[in-house]
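Here the structure comes first, spelled out in C-alpha cells, and everything after it is commentary.
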Amino acid sequence: MKYLFIITFLLSISISAQTEKDMETKDSLAPKLENIKWISGNWKGEAFGGQTEENWSEPSAGSMMATFKLINEGKVSFYEIEIIREVENSLILQLKHFDNDLKGWETKNETVDFPLIKLTPTQVIFEGMSFEKVSDNEMNVYVDIKNDDGEIEIVKFNYKKALKEH
C-alpha cells in the first residue's frame, strides 16, 4: 500500500509538470517576426503627461523598425528609434533615444536591448518591455522604467491604431 501511494504521488507530480509544460508550449509561438506582425502600424496614445506616437513597419529583411515620439505642450520631448530583429532563433528589441534636436542619449555604439522572454498570439514579452494585443486596433505596451529612487515602475502605454486617411 505504501508503495502504491508513492507511485501514485510521483505519477501525479509527473503529470502535473507535463501539463504545465504542454500549456506553455501550446500557448507559445515560434520567435519569428511573422508572429508579431500585428504590431505594425501607426499607433497613437498618451503617456508621461503627453501624446505619444509609435510607427512600426511590417516585417522585412529579418527586422521590424519603429519611430517613437513624445509630445508635451505642443513640443517634442524626445524620440526613439526601435528595431525588433531575429537573432539566433529568438527576437531582440533594441532602441536608441534622442532629444528633440536628435542628439543621442546613448553613446554611438550603445543600444538599449530587450531580449525575448515569451511570445504568444496576443503578447510579445521582452525583458523590460512587453506588447499586448487588445484588438486589431488597440494594443498596450508596458515598459519597466527606473524612477528617481532607483525602483522599477511599469509604465503602460495604451495605443489605438490610427486609421488611414484617403
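Ligands are numbered from 1 in the order shown, chains are lettered A, B, ... in the order of the C-alpha cells, and residues start at 1 in each chain.
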
Run DSSP on the backbone and give me the residues of range 28-150 of chain A it puts in strand (DSSP E), as a ChimeraX atom specification.
/A:41-47,50-56,63-72,75-87,90-99,112-119,123-126,129-135,138-146

Residues near range 149-165 of chain A, cut-off 8 Å, only C-alpha atoms, skip fewer than 4 positions along chain, as a ChimeraX atom specification
/A:41-47,137-145

Okay, now the selection with N, CA and C atoms, as a PDB file, in the first residue's frame?
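Once everything was written out, this is result-v3.pdb:
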```
ATOM      1  N   GLY A  41       2.060  49.224 -37.819  1.00  0.00           N
ATOM      2  CA  GLY A  41       1.028  50.236 -37.994  1.00  0.00           C
ATOM      3  C   GLY A  41       1.403  51.534 -37.311  1.00  0.00           C
ATOM      4  N   ASN A  42       0.508  52.506 -37.444  1.00  0.00           N
ATOM      5  CA  ASN A  42       0.683  53.820 -36.843  1.00  0.00           C
ATOM      6  C   ASN A  42      -0.189  53.862 -35.590  1.00  0.00           C
ATOM      7  N   TRP A  43       0.458  53.970 -34.427  1.00  0.00           N
ATOM      8  CA  TRP A  43      -0.229  53.907 -33.142  1.00  0.00           C
ATOM      9  C   TRP A  43      -0.132  55.242 -32.418  1.00  0.00           C
ATOM     10  N   LYS A  44      -1.222  55.656 -31.772  1.00  0.00           N
ATOM     11  CA  LYS A  44      -1.239  56.907 -31.011  1.00  0.00           C
ATOM     12  C   LYS A  44      -1.811  56.645 -29.619  1.00  0.00           C
ATOM     13  N   GLY A  45      -1.258  57.374 -28.641  1.00  0.00           N
ATOM     14  CA  GLY A  45      -1.728  57.214 -27.274  1.00  0.00           C
ATOM     15  C   GLY A  45      -1.278  58.357 -26.394  1.00  0.00           C
ATOM     16  N   GLU A  46      -1.332  58.123 -25.072  1.00  0.00           N
ATOM     17  CA  GLU A  46      -0.924  59.121 -24.091  1.00  0.00           C
ATOM     18  C   GLU A  46      -0.048  58.468 -23.044  1.00  0.00           C
ATOM     19  N   ALA A  47       1.007  59.181 -22.630  1.00  0.00           N
ATOM     20  CA  ALA A  47       1.884  58.732 -21.543  1.00  0.00           C
ATOM     21  C   ALA A  47       2.764  59.900 -21.129  1.00  0.00           C
ATOM     22  N   ASN A 137      -7.085  46.952 -33.448  1.00  0.00           N
ATOM     23  CA  ASN A 137      -6.851  48.395 -33.463  1.00  0.00           C
ATOM     24  C   ASN A 137      -6.431  48.964 -32.112  1.00  0.00           C
ATOM     25  N   GLU A 138      -6.050  48.096 -31.174  1.00  0.00           N
ATOM     26  CA  GLU A 138      -5.622  48.573 -29.859  1.00  0.00           C
ATOM     27  C   GLU A 138      -4.568  47.637 -29.291  1.00  0.00           C
ATOM     28  N   MET A 139      -3.523  48.244 -28.708  1.00  0.00           N
ATOM     29  CA  MET A 139      -2.514  47.455 -28.005  1.00  0.00           C
ATOM     30  C   MET A 139      -2.008  48.242 -26.807  1.00  0.00           C
ATOM     31  N   ASN A 140      -1.484  47.494 -25.830  1.00  0.00           N
ATOM     32  CA  ASN A 140      -0.826  48.088 -24.677  1.00  0.00           C
ATOM     33  C   ASN A 140       0.657  47.742 -24.759  1.00  0.00           C
ATOM     34  N   VAL A 141       1.489  48.713 -24.420  1.00  0.00           N
ATOM     35  CA  VAL A 141       2.926  48.477 -24.306  1.00  0.00           C
ATOM     36  C   VAL A 141       3.285  48.785 -22.859  1.00  0.00           C
ATOM     37  N   TYR A 142       3.987  47.866 -22.209  1.00  0.00           N
ATOM     38  CA  TYR A 142       4.413  48.031 -20.826  1.00  0.00           C
ATOM     39  C   TYR A 142       5.930  48.144 -20.805  1.00  0.00           C
ATOM     40  N   VAL A 143       6.438  49.196 -20.155  1.00  0.00           N
ATOM     41  CA  VAL A 143       7.879  49.433 -20.110  1.00  0.00           C
ATOM     42  C   VAL A 143       8.319  49.580 -18.657  1.00  0.00           C
ATOM     43  N   ASP A 144       9.368  48.846 -18.286  1.00  0.00           N
ATOM     44  CA  ASP A 144       9.967  48.989 -16.961  1.00  0.00           C
ATOM     45  C   ASP A 144      10.872  50.216 -16.982  1.00  0.00           C
ATOM     46  N   ILE A 145      10.575  51.189 -16.121  1.00  0.00           N
ATOM     47  CA  ILE A 145      11.370  52.418 -16.063  1.00  0.00           C
ATOM     48  C   ILE A 145      11.812  52.646 -14.623  1.00  0.00           C
TER      49      ILE A 145
END
```

Choose the residue, out of A:Gln51, A:Thr67, A:Asn35, A:Ser40, that has the smallest atom-to-atom separation from Gln94 in chain A; count only C-alpha atoms.
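Between A:Gln51, A:Thr67, A:Asn35, A:Ser40, the residue approaching Gln94 in chain A most closely is A:Thr67.
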
Going by DSSP on the backbone, which bits of chain A are helix (DSSP H, G or I)? Write them as number ranges by chain, please.
A: 2-27, 33-39

What's the 9 Å shell around Lys32 in chain A, counting only C-alpha atoms, without same-chain residues fewer than 3 positions away, as an MDAnalysis selection string?
chainID A and resid 29 35:36 62 85:86 89:91

With all heavy atoms retained, export the selected residues as a PDB file, in the first residue's frame.
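File out-v9.pdb, as written:
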```
ATOM      1  N   LEU A  29       4.448  30.774 -29.240  1.00  0.00           N
ATOM      2  CA  LEU A  29       4.664  30.759 -30.679  1.00  0.00           C
ATOM      3  C   LEU A  29       6.159  30.783 -30.957  1.00  0.00           C
ATOM      4  O   LEU A  29       6.947  31.207 -30.114  1.00  0.00           O
ATOM      5  CB  LEU A  29       4.023  31.990 -31.329  1.00  0.00           C
ATOM      6  CG  LEU A  29       2.513  32.134 -31.226  1.00  0.00           C
ATOM      7  CD1 LEU A  29       2.080  33.470 -31.823  1.00  0.00           C
ATOM      8  CD2 LEU A  29       1.806  30.989 -31.929  1.00  0.00           C
ATOM      9  N   ASN A  35       5.046  36.234 -36.600  1.00  0.00           N
ATOM     10  CA  ASN A  35       4.121  36.026 -35.488  1.00  0.00           C
ATOM     11  C   ASN A  35       3.833  37.295 -34.692  1.00  0.00           C
ATOM     12  O   ASN A  35       2.983  37.280 -33.799  1.00  0.00           O
ATOM     13  CB  ASN A  35       4.650  34.933 -34.561  1.00  0.00           C
ATOM     14  CG  ASN A  35       4.567  33.572 -35.199  1.00  0.00           C
ATOM     15  OD1 ASN A  35       3.672  33.303 -36.005  1.00  0.00           O
ATOM     16  ND2 ASN A  35       5.496  32.699 -34.883  1.00  0.00           N
ATOM     17  N   ILE A  36       4.540  38.386 -35.003  1.00  0.00           N
ATOM     18  CA  ILE A  36       4.279  39.649 -34.298  1.00  0.00           C
ATOM     19  C   ILE A  36       3.934  40.778 -35.256  1.00  0.00           C
ATOM     20  O   ILE A  36       3.941  41.946 -34.872  1.00  0.00           O
ATOM     21  CB  ILE A  36       5.466  40.052 -33.394  1.00  0.00           C
ATOM     22  CG1 ILE A  36       6.717  40.371 -34.212  1.00  0.00           C
ATOM     23  CG2 ILE A  36       5.742  38.999 -32.347  1.00  0.00           C
ATOM     24  CD1 ILE A  36       7.804  41.056 -33.409  1.00  0.00           C
ATOM     25  N   GLY A  62      14.344  40.402 -42.108  1.00  0.00           N
ATOM     26  CA  GLY A  62      14.708  39.934 -40.772  1.00  0.00           C
ATOM     27  C   GLY A  62      14.536  40.945 -39.655  1.00  0.00           C
ATOM     28  O   GLY A  62      15.062  40.740 -38.555  1.00  0.00           O
ATOM     29  N   ARG A  85      14.504  42.378 -34.208  1.00  0.00           N
ATOM     30  CA  ARG A  85      15.123  41.549 -35.243  1.00  0.00           C
ATOM     31  C   ARG A  85      15.289  40.131 -34.761  1.00  0.00           C
ATOM     32  O   ARG A  85      15.322  39.863 -33.559  1.00  0.00           O
ATOM     33  CB  ARG A  85      16.439  42.151 -35.715  1.00  0.00           C
ATOM     34  CG  ARG A  85      17.465  42.371 -34.675  1.00  0.00           C
ATOM     35  CD  ARG A  85      18.643  43.202 -35.214  1.00  0.00           C
ATOM     36  NE  ARG A  85      19.648  43.328 -34.182  1.00  0.00           N
ATOM     37  CZ  ARG A  85      20.806  42.676 -34.176  1.00  0.00           C
ATOM     38  NH1 ARG A  85      21.130  41.879 -35.173  1.00  0.00           N
ATOM     39  NH2 ARG A  85      21.658  42.837 -33.184  1.00  0.00           N
ATOM     40  N   GLU A  86      15.349  39.250 -35.749  1.00  0.00           N
ATOM     41  CA  GLU A  86      15.570  37.841 -35.469  1.00  0.00           C
ATOM     42  C   GLU A  86      17.068  37.612 -35.304  1.00  0.00           C
ATOM     43  O   GLU A  86      17.851  37.955 -36.187  1.00  0.00           O
ATOM     44  CB  GLU A  86      15.023  36.978 -36.608  1.00  0.00           C
ATOM     45  CG  GLU A  86      13.511  37.044 -36.730  1.00  0.00           C
ATOM     46  CD  GLU A  86      12.947  36.229 -37.885  1.00  0.00           C
ATOM     47  OE1 GLU A  86      13.733  35.662 -38.666  1.00  0.00           O
ATOM     48  OE2 GLU A  86      11.712  36.178 -38.000  1.00  0.00           O
ATOM     49  N   ASN A  89      17.714  32.309 -33.484  1.00  0.00           N
ATOM     50  CA  ASN A  89      16.439  31.645 -33.177  1.00  0.00           C
ATOM     51  C   ASN A  89      15.644  32.325 -32.070  1.00  0.00           C
ATOM     52  O   ASN A  89      14.930  31.667 -31.318  1.00  0.00           O
ATOM     53  CB  ASN A  89      16.654  30.172 -32.834  1.00  0.00           C
ATOM     54  CG  ASN A  89      17.073  29.374 -34.035  1.00  0.00           C
ATOM     55  OD1 ASN A  89      16.666  29.669 -35.165  1.00  0.00           O
ATOM     56  ND2 ASN A  89      17.907  28.374 -33.824  1.00  0.00           N
ATOM     57  N   SER A  90      15.783  33.631 -31.954  1.00  0.00           N
ATOM     58  CA  SER A  90      14.991  34.396 -30.997  1.00  0.00           C
ATOM     59  C   SER A  90      14.754  35.786 -31.578  1.00  0.00           C
ATOM     60  O   SER A  90      15.118  36.062 -32.720  1.00  0.00           O
ATOM     61  CB  SER A  90      15.715  34.497 -29.651  1.00  0.00           C
ATOM     62  OG  SER A  90      14.830  35.019 -28.671  1.00  0.00           O
ATOM     63  N   LEU A  91      14.121  36.629 -30.796  1.00  0.00           N
ATOM     64  CA  LEU A  91      13.897  38.021 -31.179  1.00  0.00           C
ATOM     65  C   LEU A  91      14.552  38.913 -30.133  1.00  0.00           C
ATOM     66  O   LEU A  91      14.633  38.553 -28.957  1.00  0.00           O
ATOM     67  CB  LEU A  91      12.400  38.343 -31.237  1.00  0.00           C
ATOM     68  CG  LEU A  91      11.560  37.577 -32.251  1.00  0.00           C
ATOM     69  CD1 LEU A  91      10.084  37.906 -32.068  1.00  0.00           C
ATOM     70  CD2 LEU A  91      12.009  37.878 -33.663  1.00  0.00           C
TER      71      LEU A  91
END
```

Do a neighbour search on Leu95 in chain A at 8 Å with only C-alpha atoms, toss out local chain neighbours closer than 5 positions, and write the hits as an MDAnalysis selection string.
chainID A and resid 80:83 111:113

Would you mind exporting N, CA, C and O atoms of the selected residues as a PDB file, in the first residue's frame?
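Just written: again.pdb:
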```pdb
ATOM      1  N   GLU A  80      12.575  58.072 -30.222  1.00  0.00           N
ATOM      2  CA  GLU A  80      13.272  56.789 -30.168  1.00  0.00           C
ATOM      3  C   GLU A  80      13.269  56.176 -31.559  1.00  0.00           C
ATOM      4  O   GLU A  80      12.326  56.383 -32.322  1.00  0.00           O
ATOM      5  N   ILE A  81      14.310  55.445 -31.849  1.00  0.00           N
ATOM      6  CA  ILE A  81      14.321  54.547 -33.000  1.00  0.00           C
ATOM      7  C   ILE A  81      14.419  53.155 -32.416  1.00  0.00           C
ATOM      8  O   ILE A  81      15.259  52.894 -31.539  1.00  0.00           O
ATOM      9  N   GLU A  82      13.534  52.272 -32.865  1.00  0.00           N
ATOM     10  CA  GLU A  82      13.461  50.920 -32.320  1.00  0.00           C
ATOM     11  C   GLU A  82      13.537  49.909 -33.451  1.00  0.00           C
ATOM     12  O   GLU A  82      13.065  50.181 -34.558  1.00  0.00           O
ATOM     13  N   ILE A  83      14.098  48.752 -33.152  1.00  0.00           N
ATOM     14  CA  ILE A  83      14.044  47.631 -34.080  1.00  0.00           C
ATOM     15  C   ILE A  83      13.762  46.358 -33.295  1.00  0.00           C
ATOM     16  O   ILE A  83      14.116  46.239 -32.123  1.00  0.00           O
ATOM     17  N   THR A 111      23.235  50.483 -27.524  1.00  0.00           N
ATOM     18  CA  THR A 111      21.784  50.376 -27.677  1.00  0.00           C
ATOM     19  C   THR A 111      21.193  49.890 -26.363  1.00  0.00           C
ATOM     20  O   THR A 111      21.894  49.307 -25.533  1.00  0.00           O
ATOM     21  N   VAL A 112      19.922  50.126 -26.168  1.00  0.00           N
ATOM     22  CA  VAL A 112      19.193  49.564 -25.042  1.00  0.00           C
ATOM     23  C   VAL A 112      18.545  48.300 -25.577  1.00  0.00           C
ATOM     24  O   VAL A 112      17.749  48.357 -26.533  1.00  0.00           O
ATOM     25  N   ASP A 113      18.902  47.148 -25.006  1.00  0.00           N
ATOM     26  CA  ASP A 113      18.480  45.853 -25.539  1.00  0.00           C
ATOM     27  C   ASP A 113      17.474  45.160 -24.625  1.00  0.00           C
ATOM     28  O   ASP A 113      17.629  45.169 -23.398  1.00  0.00           O
TER      29      ASP A 113
END
```
